[in-house]
Amino acid sequence: MESGVENAKRAVGRAAAADVPDGSRIGLGTGSTVEHLLIGLSERVREGLKVLGVSTSETTENRARELGIETSTLDRIDRLDLAIDGADEIDPRGAMIKGGGAAMTREKIVARAAAEFWVIADQKKLVDHLGQTHPLPIEVLPFGWRQTLAGLADLGLRPDLRLDDHGNPVRTDQENLVLDAALDADLTNTLESLRTLDRQILAIAGVVESGLFLDFRGRVYTAGHDGDVDRRNLAG
């Protein structure tokens, strides 16, 4: 029997897939909610929908091909019509934390290349302020990562190296490391404070990208356990 959370993920993934216009060039995100998007898109492709996807991870790329969704790369397509992805947290202003799947760098590159960014998530991802339920993922170079961690701690963050179930460091598709940084509410209480924090993080030597997703234009699809989908706009 499908759980309430899984029902919500399925509902938003299918709703977004149903809204994709024919002929779209789409950024395809990463994660369990995106799996439902891919299934919904594949069904429409079999019915005649023409889309071209750009994947944000090797996992998504392999799954899209398996489902019969045509894919390409940003080296061949310089602009996307839209990108669709999940989120770990979404605050009332539309600011987001992403990177639970360690793909935030590729996800942000793809999202910034798109005219619109559609976010699909269950309602539990809606929070009062970022950092409430999830740490902030930050991709860093392996070389000197402890120095990078110290620099992040100087900003008031509380970063830890992400480890897998076997106690080994998690690696991104770029073979980099992920630091998960706990956020205090005073760092995230305004959109401007989030923008400042993002700039400060990216200025530290060794940081590749942060999981802060700010100032995107598009839509947010959310659903509760009953599967009823709510759509609202991202201001950008």
# chains A, B, ... in the order shown; residues from 1 in each chain; ligands from 1
>>> select_by_dssp(residues="stretch 114-193 of chain A", states="alpha helix (DSSP H)", output="number ranges by chain")
A: 145-154, 191-193
>>> residues_around(residues="A:Arg232", least_positions_apart="6", cutoff="7 Å", atoms="only C-alpha atoms", output="PyMOL selection string")
chain A and resi 219-221
>>> write_last_selection(atoms="N, CA, C and O atoms", output="PDB file, in the first residue's frame")
ATOM      1  N   ARG A 219       7.076  27.875 -10.733  1.00  0.00           N
ATOM      2  CA  ARG A 219       5.936  27.357  -9.980  1.00  0.00           C
ATOM      3  C   ARG A 219       6.398  26.419  -8.880  1.00  0.00           C
ATOM      4  O   ARG A 219       7.462  25.799  -8.976  1.00  0.00           O
ATOM      5  N   VAL A 220       5.561  26.307  -7.853  1.00  0.00           N
ATOM      6  CA  VAL A 220       5.740  25.299  -6.806  1.00  0.00           C
ATOM      7  C   VAL A 220       4.491  24.423  -6.786  1.00  0.00           C
ATOM      8  O   VAL A 220       3.378  24.928  -6.649  1.00  0.00           O
ATOM      9  N   TYR A 221       4.688  23.120  -6.943  1.00  0.00           N
ATOM     10  CA  TYR A 221       3.610  22.144  -6.820  1.00  0.00           C
ATOM     11  C   TYR A 221       3.787  21.424  -5.486  1.00  0.00           C
ATOM     12  O   TYR A 221       4.854  20.834  -5.239  1.00  0.00           O
TER      13      TYR A 221
END
>>> residues_around(residues="A:Pro135", least_positions_apart="5", cutoff="6 Å", atoms="only C-alpha atoms", output="number ranges by chain")
A: 180-182
>>> write_last_selection(atoms="C-alpha atoms", output="tab-separated table (two decimals), in the first residue's frame")
chain	number	residue	atom	x	y	z
A	180	ASP	CA	25.99	19.54	5.51
A	181	ALA	CA	25.75	22.78	7.47
A	182	ALA	CA	23.20	23.41	10.21
>>> atom_distance(atom1="atom CA of A:Ala185", atom2="atom CA of A:Gly100")
19.8 Å
>>> closest_residue(among="A:Val45, A:Val20, A:Leu126, A:Met96", to="A:Ile84", atoms="only C-alpha atoms")
A:Val20
>>> closest_atom_pairs(of="stretch 69-169 of chain A", to="stretch 186-193 of chain A", cutoff="10 Å", atoms="only C-alpha atoms", output="CSV")
residue,atom,partner,partner_atom,distance
A:Asp91,CA,A:Thr188,CA,9.8
A:Arg93,CA,A:Leu191,CA,7.5
A:Gly94,CA,A:Leu191,CA,9.4
A:Ala95,CA,A:Leu191,CA,7.6
A:Asp128,CA,A:Asn189,CA,9.3
A:His129,CA,A:Thr188,CA,6.4
A:Leu130,CA,A:Thr188,CA,6.1
A:Gly131,CA,A:Thr188,CA,7.9
A:Gln132,CA,A:Thr188,CA,9.8
A:Leu155,CA,A:Leu187,CA,9.4
A:Gly156,CA,A:Leu187,CA,8.2
A:Leu157,CA,A:Leu187,CA,8.8
>>> decode(residues="stretch 154-168 of chain A", atoms="N, CA, C and O atoms", output="tab-separated table (two decimals), in the first residue's frame")
chain	number	residue	atom	x	y	z
A	154	ASP	N	33.36	29.76	10.34
A	154	ASP	CA	33.59	31.17	10.67
A	154	ASP	C	32.40	32.04	10.29
A	154	ASP	O	32.26	33.16	10.80
A	155	LEU	N	31.55	31.54	9.37
A	155	LEU	CA	30.35	32.30	8.97
A	155	LEU	C	29.19	32.08	9.95
A	155	LEU	O	28.13	32.68	9.79
A	156	GLY	N	29.39	31.22	10.94
A	156	GLY	CA	28.32	30.90	11.87
A	156	GLY	C	27.57	29.64	11.51
A	156	GLY	O	26.57	29.31	12.15
A	157	LEU	N	28.06	28.92	10.48
A	157	LEU	CA	27.46	27.65	10.11
A	157	LEU	C	28.05	26.54	10.97
A	157	LEU	O	29.11	26.69	11.59
A	158	ARG	N	27.38	25.40	10.99
A	158	ARG	CA	27.87	24.23	11.73
A	158	ARG	C	27.94	23.05	10.76
A	158	ARG	O	27.04	22.22	10.71
A	159	PRO	N	29.04	23.00	9.98
A	159	PRO	CA	29.13	21.99	8.91
A	159	PRO	C	29.73	20.66	9.37
A	159	PRO	O	30.62	20.62	10.24
A	160	ASP	N	29.23	19.57	8.77
A	160	ASP	CA	29.78	18.24	8.99
A	160	ASP	C	29.94	17.56	7.64
A	160	ASP	O	29.15	17.79	6.72
A	161	LEU	N	30.95	16.71	7.54
A	161	LEU	CA	31.16	15.94	6.32
A	161	LEU	C	30.06	14.89	6.19
A	161	LEU	O	29.78	14.14	7.14
A	162	ARG	N	29.42	14.82	5.02
A	162	ARG	CA	28.39	13.81	4.80
A	162	ARG	C	29.03	12.45	4.54
A	162	ARG	O	29.91	12.33	3.70
A	163	LEU	N	28.55	11.45	5.28
A	163	LEU	CA	29.04	10.09	5.14
A	163	LEU	C	27.92	9.18	4.67
A	163	LEU	O	26.74	9.43	4.96
A	164	ASP	N	28.26	8.11	3.96
A	164	ASP	CA	27.25	7.14	3.54
A	164	ASP	C	27.01	6.13	4.65
A	164	ASP	O	27.56	6.24	5.76
A	165	ASP	N	26.19	5.15	4.37
A	165	ASP	CA	25.82	4.16	5.39
A	165	ASP	C	26.99	3.31	5.86
A	165	ASP	O	26.91	2.65	6.90
A	166	HIS	N	28.06	3.30	5.09
A	166	HIS	CA	29.25	2.53	5.45
A	166	HIS	C	30.33	3.39	6.11
A	166	HIS	O	31.43	2.90	6.37
A	167	GLY	N	30.00	4.67	6.35
A	167	GLY	CA	30.95	5.56	6.99
A	167	GLY	C	31.96	6.19	6.05
A	167	GLY	O	32.94	6.80	6.51
A	168	ASN	N	31.73	6.07	4.75
A	168	ASN	CA	32.63	6.67	3.77
A	168	ASN	C	32.08	8.02	3.30
A	168	ASN	O	30.85	8.21	3.24
